[in-house]
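S.K.: Starting off with a structure, shown below.
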Amino acid sequence: MKSKRSVLLALVLILSASAPALSQSSSQFFREPDLMTIGVYYYPEAWDKGQWPRDIANIKKLGMEFIHMGEFAWVFMEPKEGEFDLDWLAENVELATKQGLKVILCTPSATPPVWLTKKHPEVLMIDASGRRQKHGARQHACWSVDVYRKYVERINTELAKRFGNNPNVVGWQIDNELTHYGKPYCYCPHCQAKFREWLKGKYGRVENLNRDWGNAFWSQQYQNFEQIDIPNAQEFVALPNPHAILDHQRWFAEEAADYIRFQASTLRKHARNQWVTTNFINRYPPVSPPLSGRDLDIITWSLYPVAGFYQDGAEGFRMGDGAAMSWMHDYARTINGAQGVMEMQPGQVNWGPVNAQPYPGAIRMWIMRAFAAGSKLVCTYRYRQPLFGNEQYHYGVVGTDGVTPSVGGRQFAQAMQDVQTLRKLYRPNSKAPARYAARRTAFLYNVENQWNLDNHTQTTRWDTWGHLFKYYRALKGFGAPVDVITEDKDFAQYPFLVAPAYQLADEKLVRRWTEYVENGGHLVLSLRTAQKDRRGHLWEGEYAAPILDLIGASVESYDVLPDPLKGKARAGQKVYEWGVWGESLKPKPGTTTLVTYEDQFYAGNVAAVTRRMGRGTVTYVGVESLTGELERDLLRRVFASANVGVENYEDQFLVDWRDGFWVATNFTSKKQVAPILPGAKILIGTRLVEPAGVTVWSE
Ligand code: GAL
Ligand code: ZN
């Protein structure tokens with residue numbers, strides 16, 4: 001007989017499973033034949049009223065299709081508490097409408113007005129050093145404070161009432177880059193209280209928390225939830241408890257998603273036939289876009305490839321990391337099927353360590369890479385180059401005179417013409433070429449692994465993104481279409497599944513991997529996978545216990561080498577260098593050795609294995625090579641053993657297929673040859689693709 005509790009639980013599960021998602025189908029908003037649309041940010045409140053008509057007319061003349069407004073304008077929308085002025089915005093919406101431009105409006109919550117923060121200083125976030133922030137920058141408010149949410153709800157409601165029925169306003173952006181930038185977490189009393197509530201909900205009894213946090217060590221036992229503070233590294237003589245950190249990261253991401261959900265539902269009370277998004281920071285782990293997949297109609301993000309962070313190749317610092325931006329496209333798109341770039345750099349920026357000029361043509365190439373990756377929209381930040389304020393030296397689509405298109409502005413115009421060309425050639429229901437579809441790969445990613453790996457790297461040489469990208473770049477080098485998926489997705493639709501350094505796992509996930517392989521899938525796992533359970537505990541048993549049957553080997557030990565020491569590992573005739581991480585595996589009968597160590601005291605030990613299982617294969621790579629070449633060679637072997645042919649593109653030469661169009665984008669510093677089959681028709685560009693060049697063809 002079922003207990004009352006389990007009946008109740010079943011009811012709760014049924015109810016939550018059937019809870020409607022807020023998000024609407026993206027095809028309702030983004031028509032397939034339009035392919036992609038391009039627009040620009042404009043801040044009318046910062047410019048002379050007399051220039052509005054001129055600026056908006058010039059935006060149209062450049063070929064732009066929409067204009068993005070309202071972001072950061074709270075004090076102009078609500079100059080005094082409860083007194084609203086949206087007429088200036090309405091006037092600009094009207095001007096845009098007359099020009100035939102669509103409008104995206106933005107909620108202004110990233111910039112609370114000074115009257116609000118003076119009246120309610122408790123809405124200002126508190127940083128890790130315990131300092132309350134002040135008015136004068138942005139993102140200084142804490143979104144966990146109820147009174148702050150009340151103010152946000154009120155201004156959003158005013159906006160949605162005024163513009164929610166305007167057919168020319170097509171969509172809404174919530175906030176902007178939800179974060180407090182260099183001070184990621186807030187430590188205010190409201191956050192403290194909400195974190196404790198969340199812990200209570202998760203653990204029920206403090207004994208459970210003590211068990212899962214391993215508080216038996218160092219006498220860390222708590223006696224009630226009220227004693228628990230947010231783990232703030234600055235307040236501990238040693239590192240804070242790692243399980244507490246992990247839970248705080250979980251809470252923070254869920255709280256951010258809750259805030260996004262709250263804003264979305266406020267807007268939707270009045271908005272009709274308008275999509276809702278927020279603009280995420282590119283690859284920023286504290287806020288997790290998949291948590292908002294059901295709340296947003298499209299996932300959008302910021303893309304700034306040239307700001308001094310990427311150096312590979314002679315011109316790499318001017319073109320940016322094409323593979324890294326591709327990863328984010330593949331991640332954002334897969335969450336709920338619709339993605340776009342809400343902010344794209346139009347030229348030099350002002351905030352990076354070294355703000356170089358982008359390479360000629362690079363901006364158009366980024367736009368066309370976004371196109372190739374299935375983006376529905378690209379918006380450039382920003383129209384006018386600012387003459388004052390925090391973003392001086394940041395380029396715009398037009399220069400300091402407010403009218404002359406910048407180099408980047410002209411590239412946006414060119415990309416819009418490219419899209420117009422392709423729209424004319426669009427044919428509905430085109431099917432991906434078989435050779436491309438056969439390489440379809442899922443790249444399994446869970447931000448929780450990233451948090452936990454980064455919290456305890458075990459070697460200063462460890463770089464989570466660096467490790468993941470060795471696999472991802474190899475896949476793009478093969479010309480594979482990649483979906484970066486989370487665990488809620490079905491693995492079965494992908495012939496290949498790659499899950500590098502998937503540290504936190506449980507029996508259920510391992511069962512799903514095993515079934516996937518038995519049913520014919522090709523699974524690739526790498527070092528550190530399933531080292532820990534979801535709490536972040538090591539297993540009471542063998543190292544990486546749950547996957548040992550699956551990979552057909554045991555993980556006897558691992559080693560890390562101090563910089564700049566290099567170890568050697570051999571696969572067949574080829575020797576590779578490694579230094580970050582190397583596991584010694586012991587294969588079971590029936591498992592094939594792929595790589596062995598050449599040196600160190602464990603020379604001869606096994607570093608990578610593979611085996612057939614059911615109708616599929618599983619490959620485990622226990623070592624990370626310095627250049628990524630070993631990863632590429634081992635992945636190539638996996639595709640070959642599945643009889644799937646792959647390309648051999650140079651790293652950073654990216655080729656994808658979308659809606660009937662092949663698109664090649666060349667992020668390398670050399671000319672590349674587009675892989676155009678005989679009989680195919682070149683639509684844009686040439687067979688020989690220059691650095692930062694784009695070629696589009698159909699076959
Ligand atoms: C973005 C931010 C924008 C603007 C831009 C400057 O990260 O969302 O508001 O500051 O950087 O490049
Ligand atoms: Zn707070």
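Residue numbering restarts at 1 for every chain of the structure tokens, chains are lettered A, B, ... in their displayed order, and ligands are numbered from 1 as they appear.
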Can you list, as a ChimeraX atom specification, every residue of segment 32-173 of chain A that DSSP puts in strand (DSSP E or B)?
M.R.: /A:37-41,66-69,80,83,102-106,124,126,132,141,169-173
S.K.: As a quick test: using only C-alpha atoms and all ligand atoms, which residues lie no more than 7 Å away from ligand 1? Give them as a short mmCIF file (atom, residue, chain, number, x, y, z; two decimals) with all heavy atoms, in the first residue's frame.
M.R.:
```cif
data_model
loop_
_atom_site.label_atom_id
_atom_site.label_comp_id
_atom_site.auth_asym_id
_atom_site.auth_seq_id
_atom_site.Cartn_x
_atom_site.Cartn_y
_atom_site.Cartn_z
N ASN A 176 20.13 42.90 -18.44
CA ASN A 176 21.23 42.71 -19.38
C ASN A 176 22.37 42.02 -18.67
O ASN A 176 22.80 42.45 -17.61
CB ASN A 176 21.73 44.04 -19.93
CG ASN A 176 22.92 43.83 -20.85
OD1 ASN A 176 22.85 43.02 -21.78
ND2 ASN A 176 24.03 44.49 -20.57
N GLU A 177 22.85 40.92 -19.25
CA GLU A 177 24.00 40.21 -18.70
C GLU A 177 23.87 40.08 -17.19
O GLU A 177 24.68 40.63 -16.43
CB GLU A 177 25.30 40.92 -19.07
CG GLU A 177 25.55 40.95 -20.56
CD GLU A 177 26.95 41.41 -20.93
OE1 GLU A 177 27.56 42.14 -20.14
OE2 GLU A 177 27.44 41.02 -22.00
N ILE A 281 25.76 36.49 -20.63
CA ILE A 281 27.17 36.68 -20.94
C ILE A 281 27.68 35.38 -21.57
O ILE A 281 27.33 34.29 -21.14
CB ILE A 281 27.99 36.98 -19.67
CG1 ILE A 281 27.48 38.27 -19.02
CG2 ILE A 281 29.49 37.09 -19.98
CD1 ILE A 281 28.30 38.72 -17.83
N SER A 302 25.97 37.74 -25.51
CA SER A 302 26.89 38.79 -25.97
C SER A 302 28.14 38.17 -26.57
O SER A 302 28.72 37.26 -25.99
CB SER A 302 27.40 39.62 -24.79
OG SER A 302 26.37 40.26 -24.14
N GLN A 345 30.21 42.97 -31.09
CA GLN A 345 31.21 44.04 -31.19
C GLN A 345 31.23 44.63 -32.61
O GLN A 345 31.34 43.90 -33.57
CB GLN A 345 32.54 43.36 -30.87
CG GLN A 345 33.77 44.11 -31.00
CD GLN A 345 34.94 43.26 -30.48
OE1 GLN A 345 34.78 42.08 -30.15
NE2 GLN A 345 36.10 43.85 -30.38
N VAL A 349 36.73 47.73 -28.75
CA VAL A 349 35.99 47.94 -27.51
C VAL A 349 36.91 48.65 -26.51
O VAL A 349 38.04 49.01 -26.84
CB VAL A 349 35.40 46.62 -26.94
CG1 VAL A 349 34.41 46.03 -27.92
CG2 VAL A 349 36.50 45.63 -26.59
N ASN A 350 36.41 48.87 -25.30
CA ASN A 350 37.17 49.72 -24.37
C ASN A 350 37.53 49.01 -23.07
O ASN A 350 38.20 49.57 -22.24
CB ASN A 350 36.33 50.95 -24.02
CG ASN A 350 35.12 50.58 -23.19
OD1 ASN A 350 34.41 49.62 -23.52
ND2 ASN A 350 34.89 51.28 -22.10
N TRP A 351 37.05 47.76 -22.89
CA TRP A 351 37.14 47.17 -21.56
C TRP A 351 38.09 45.99 -21.46
O TRP A 351 38.33 45.48 -20.37
CB TRP A 351 35.75 46.72 -21.10
CG TRP A 351 35.00 45.97 -22.16
CD1 TRP A 351 34.06 46.49 -23.01
CD2 TRP A 351 35.17 44.59 -22.55
NE1 TRP A 351 33.62 45.52 -23.89
CE2 TRP A 351 34.28 44.34 -23.63
CE3 TRP A 351 35.98 43.54 -22.09
CZ2 TRP A 351 34.19 43.10 -24.25
CZ3 TRP A 351 35.87 42.30 -22.71
CH2 TRP A 351 34.98 42.09 -23.77
N TYR A 381 26.14 45.97 -30.82
CA TYR A 381 26.28 46.93 -29.75
C TYR A 381 27.35 47.93 -30.15
O TYR A 381 28.50 47.59 -30.14
CB TYR A 381 26.68 46.22 -28.45
CG TYR A 381 26.62 47.15 -27.29
CD1 TYR A 381 25.45 47.30 -26.57
CD2 TYR A 381 27.72 47.93 -26.95
CE1 TYR A 381 25.38 48.20 -25.54
CE2 TYR A 381 27.64 48.83 -25.92
CZ TYR A 381 26.47 48.96 -25.22
OH TYR A 381 26.39 49.86 -24.21
N GLU A 391 31.98 54.15 -21.50
CA GLU A 391 32.36 53.36 -22.67
C GLU A 391 33.01 54.20 -23.76
O GLU A 391 32.90 53.89 -24.95
CB GLU A 391 31.18 52.52 -23.14
CG GLU A 391 30.91 51.45 -22.10
CD GLU A 391 29.81 50.46 -22.42
OE1 GLU A 391 29.07 50.67 -23.38
OE2 GLU A 391 29.72 49.47 -21.67
N HIS A 394 34.76 53.05 -27.21
CA HIS A 394 34.05 51.89 -27.74
C HIS A 394 33.48 52.27 -29.10
O HIS A 394 32.78 53.27 -29.21
CB HIS A 394 32.93 51.51 -26.77
CG HIS A 394 32.35 50.15 -27.01
ND1 HIS A 394 31.67 49.81 -28.15
CD2 HIS A 394 32.36 49.04 -26.23
CE1 HIS A 394 31.27 48.55 -28.05
NE2 HIS A 394 31.69 48.05 -26.90
#
```
S.K.: Write as a list of chain:residue names the residues around ligand 2, taking 8 Å as the cut-off and counting only C-alpha atoms and all ligand atoms.
M.R.: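 Counting only C-alpha atoms and all ligand atoms, the residues within 8 Å of ligand 2 come out as A:Val123, A:Leu124, A:Met125, A:Ile126, A:Ala141, A:Cys142, A:Trp143, A:Ser144, A:Val145, A:Tyr185, A:Cys186, A:Tyr187, A:Cys188, A:Pro189, A:His190, A:Cys191, A:Gln192.
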S.K.: Quote the spacing between atom CA of Leu565 of chain A and atom CA of Trp462 of chain A in Å to one decimal place.
M.R.: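 If I compute the distance from atom CA of Leu565 of chain A to atom CA of Trp462 of chain A, I get 14.0 Å.
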S.K.: Please provide the set of residues having any atom within 12 Å of Ile485 of chain A, restricted to only C-alpha atoms, with same-chain residues fewer than 6 positions apart removed, written as an MDAnalysis selection string.
M.R.: chainID A and resid 289:290 293 327:337 441:447 491 493:494 497:499
S.K.: Write the residues of the preceding selection, restricted to C-alpha atoms, as a short mmCIF file (atom, residue, chain, number, x, y, z; two decimals), in the first residue's frame.
M.R.:
```cif
data_model
loop_
_atom_site.label_atom_id
_atom_site.label_comp_id
_atom_site.auth_asym_id
_atom_site.auth_seq_id
_atom_site.Cartn_x
_atom_site.Cartn_y
_atom_site.Cartn_z
CA PRO A 289 21.12 29.56 -19.45
CA PRO A 290 19.60 26.03 -19.53
CA GLY A 293 15.10 27.27 -21.30
CA TRP A 327 30.60 26.31 -28.88
CA MET A 328 28.40 29.02 -27.41
CA HIS A 329 26.19 29.07 -30.52
CA ASP A 330 25.81 25.30 -30.27
CA TYR A 331 25.00 25.52 -26.57
CA ALA A 332 22.52 28.41 -26.75
CA ARG A 333 20.73 26.96 -29.79
CA THR A 334 20.22 23.54 -28.26
CA ILE A 335 18.57 24.76 -25.05
CA ASN A 336 15.16 25.40 -26.60
CA GLY A 337 15.83 25.52 -30.31
CA THR A 441 27.51 14.80 -32.31
CA ALA A 442 26.18 15.65 -28.88
CA PHE A 443 28.64 17.36 -26.58
CA LEU A 444 27.38 16.77 -23.05
CA TYR A 445 27.92 19.73 -20.74
CA ASN A 446 26.84 20.39 -17.19
CA VAL A 447 27.95 23.64 -15.61
CA PHE A 491 21.04 10.96 -26.33
CA GLN A 493 19.23 10.91 -31.69
CA TYR A 494 23.01 11.41 -31.89
CA LEU A 497 28.22 11.51 -27.73
CA VAL A 498 31.26 13.20 -26.22
CA ALA A 499 31.39 14.00 -22.49
#
```
S.K.: Between A:Met77, A:Leu635, A:Ala664, A:Ala438, which has the minimum distance to Trp366 of chain A (counting only C-alpha atoms)?
M.R.: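 Residue with the minimum atom-to-atom distance to Trp366 of chain A: A:Ala664.
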S.K.: Which is closest to Met365 of chain A among A:Gly322, A:Pro285, A:Gly130, A:Pro113, if we use only C-alpha atoms?
M.R.: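 The answer is A:Gly322, which sits nearest to Met365 of chain A.
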S.K.: Using only C-alpha atoms, pick whichever of A:Asn166, A:Thr486, A:Asn449, A:Thr400 has the shortest atom-to-atom distance to Ala271 of chain A.
M.R.: A:Asn166
S.K.: Enumerate, as a PyMOL selection string, the complete set of residues in segment 333-370 of chain A that a backbone-based DSSP assignment places in helix (DSSP H, G or I).
M.R.: chain A and resi 333-336+362-370
S.K.: Between atom CA of Ala530 of chain A and atom CA of Asp633 of chain A, what is the distance in Å, rounded to a tenth?
M.R.: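 For atom CA of Ala530 of chain A relative to atom CA of Asp633 of chain A, the distance reads 23.6 Å.
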S.K.: How many Å lie between atom CA of Ala545 of chain A and atom CA of Trp213 of chain A, rounded to one decimal?
M.R.: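 According to the coordinates, atom CA of Ala545 of chain A and atom CA of Trp213 of chain A are separated by 20.5 Å.
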S.K.: For a quick check of understanding, using only C-alpha atoms, which of A:Asp506, A:Asp85, A:Glu235, A:Glu32 has the smallest distance to Asn429 of chain A?
M.R.: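 Residue with the minimum atom-to-atom distance to Asn429 of chain A: A:Glu32.
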S.K.: Can you tell me which residues surround His68 of chain A at a distance of at most 7 Å, considering only C-alpha atoms, apart from same-chain residues fewer than 3 positions away, and format the answer as an MDAnalysis selection string?
M.R.: chainID A and resid 40:42 103:105
S.K.: Dump all heavy atoms for the selected residues as a PDB file, in the first residue's frame?
M.R.:
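As written to disk, out.pdb reads:
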```
ATOM      1  N   VAL A  40      20.334  46.836 -34.240  1.00  0.00           N
ATOM      2  CA  VAL A  40      21.339  47.629 -33.534  1.00  0.00           C
ATOM      3  C   VAL A  40      20.775  48.257 -32.258  1.00  0.00           C
ATOM      4  O   VAL A  40      19.589  48.556 -32.171  1.00  0.00           O
ATOM      5  CB  VAL A  40      21.882  48.720 -34.495  1.00  0.00           C
ATOM      6  CG1 VAL A  40      20.805  49.721 -34.874  1.00  0.00           C
ATOM      7  CG2 VAL A  40      23.092  49.425 -33.919  1.00  0.00           C
ATOM      8  N   TYR A  41      21.657  48.441 -31.270  1.00  0.00           N
ATOM      9  CA  TYR A  41      21.291  49.119 -30.016  1.00  0.00           C
ATOM     10  C   TYR A  41      21.301  50.623 -30.223  1.00  0.00           C
ATOM     11  O   TYR A  41      22.240  51.166 -30.815  1.00  0.00           O
ATOM     12  CB  TYR A  41      22.335  48.834 -28.928  1.00  0.00           C
ATOM     13  CG  TYR A  41      22.147  47.571 -28.153  1.00  0.00           C
ATOM     14  CD1 TYR A  41      22.297  46.341 -28.762  1.00  0.00           C
ATOM     15  CD2 TYR A  41      21.861  47.601 -26.788  1.00  0.00           C
ATOM     16  CE1 TYR A  41      22.159  45.168 -28.032  1.00  0.00           C
ATOM     17  CE2 TYR A  41      21.723  46.435 -26.054  1.00  0.00           C
ATOM     18  CZ  TYR A  41      21.880  45.221 -26.686  1.00  0.00           C
ATOM     19  OH  TYR A  41      21.745  44.069 -25.976  1.00  0.00           O
ATOM     20  N   TYR A  42      20.305  51.266 -29.675  1.00  0.00           N
ATOM     21  CA  TYR A  42      20.273  52.730 -29.720  1.00  0.00           C
ATOM     22  C   TYR A  42      19.805  53.214 -28.355  1.00  0.00           C
ATOM     23  O   TYR A  42      18.881  52.648 -27.770  1.00  0.00           O
ATOM     24  CB  TYR A  42      19.311  53.183 -30.830  1.00  0.00           C
ATOM     25  CG  TYR A  42      19.295  54.681 -31.059  1.00  0.00           C
ATOM     26  CD1 TYR A  42      20.479  55.383 -31.317  1.00  0.00           C
ATOM     27  CD2 TYR A  42      18.096  55.393 -31.035  1.00  0.00           C
ATOM     28  CE1 TYR A  42      20.456  56.757 -31.533  1.00  0.00           C
ATOM     29  CE2 TYR A  42      18.068  56.764 -31.265  1.00  0.00           C
ATOM     30  CZ  TYR A  42      19.258  57.441 -31.514  1.00  0.00           C
ATOM     31  OH  TYR A  42      19.233  58.798 -31.733  1.00  0.00           O
ATOM     32  N   VAL A 103      11.078  46.730 -33.395  1.00  0.00           N
ATOM     33  CA  VAL A 103      11.672  47.224 -32.149  1.00  0.00           C
ATOM     34  C   VAL A 103      11.800  46.094 -31.129  1.00  0.00           C
ATOM     35  O   VAL A 103      10.885  45.284 -30.957  1.00  0.00           O
ATOM     36  CB  VAL A 103      10.802  48.361 -31.555  1.00  0.00           C
ATOM     37  CG1 VAL A 103      11.344  48.815 -30.206  1.00  0.00           C
ATOM     38  CG2 VAL A 103      10.719  49.538 -32.522  1.00  0.00           C
ATOM     39  N   ILE A 104      12.955  46.054 -30.466  1.00  0.00           N
ATOM     40  CA  ILE A 104      13.125  45.202 -29.285  1.00  0.00           C
ATOM     41  C   ILE A 104      13.249  46.154 -28.103  1.00  0.00           C
ATOM     42  O   ILE A 104      14.075  47.079 -28.133  1.00  0.00           O
ATOM     43  CB  ILE A 104      14.397  44.341 -29.390  1.00  0.00           C
ATOM     44  CG1 ILE A 104      14.291  43.382 -30.572  1.00  0.00           C
ATOM     45  CG2 ILE A 104      14.633  43.566 -28.093  1.00  0.00           C
ATOM     46  CD1 ILE A 104      15.541  42.545 -30.799  1.00  0.00           C
ATOM     47  N   LEU A 105      12.439  45.938 -27.099  1.00  0.00           N
ATOM     48  CA  LEU A 105      12.541  46.773 -25.899  1.00  0.00           C
ATOM     49  C   LEU A 105      13.202  45.980 -24.788  1.00  0.00           C
ATOM     50  O   LEU A 105      13.181  44.743 -24.784  1.00  0.00           O
ATOM     51  CB  LEU A 105      11.158  47.259 -25.457  1.00  0.00           C
ATOM     52  CG  LEU A 105      10.519  48.294 -26.380  1.00  0.00           C
ATOM     53  CD1 LEU A 105       9.150  48.699 -25.841  1.00  0.00           C
ATOM     54  CD2 LEU A 105      11.407  49.530 -26.538  1.00  0.00           C
TER      55      LEU A 105
END
```
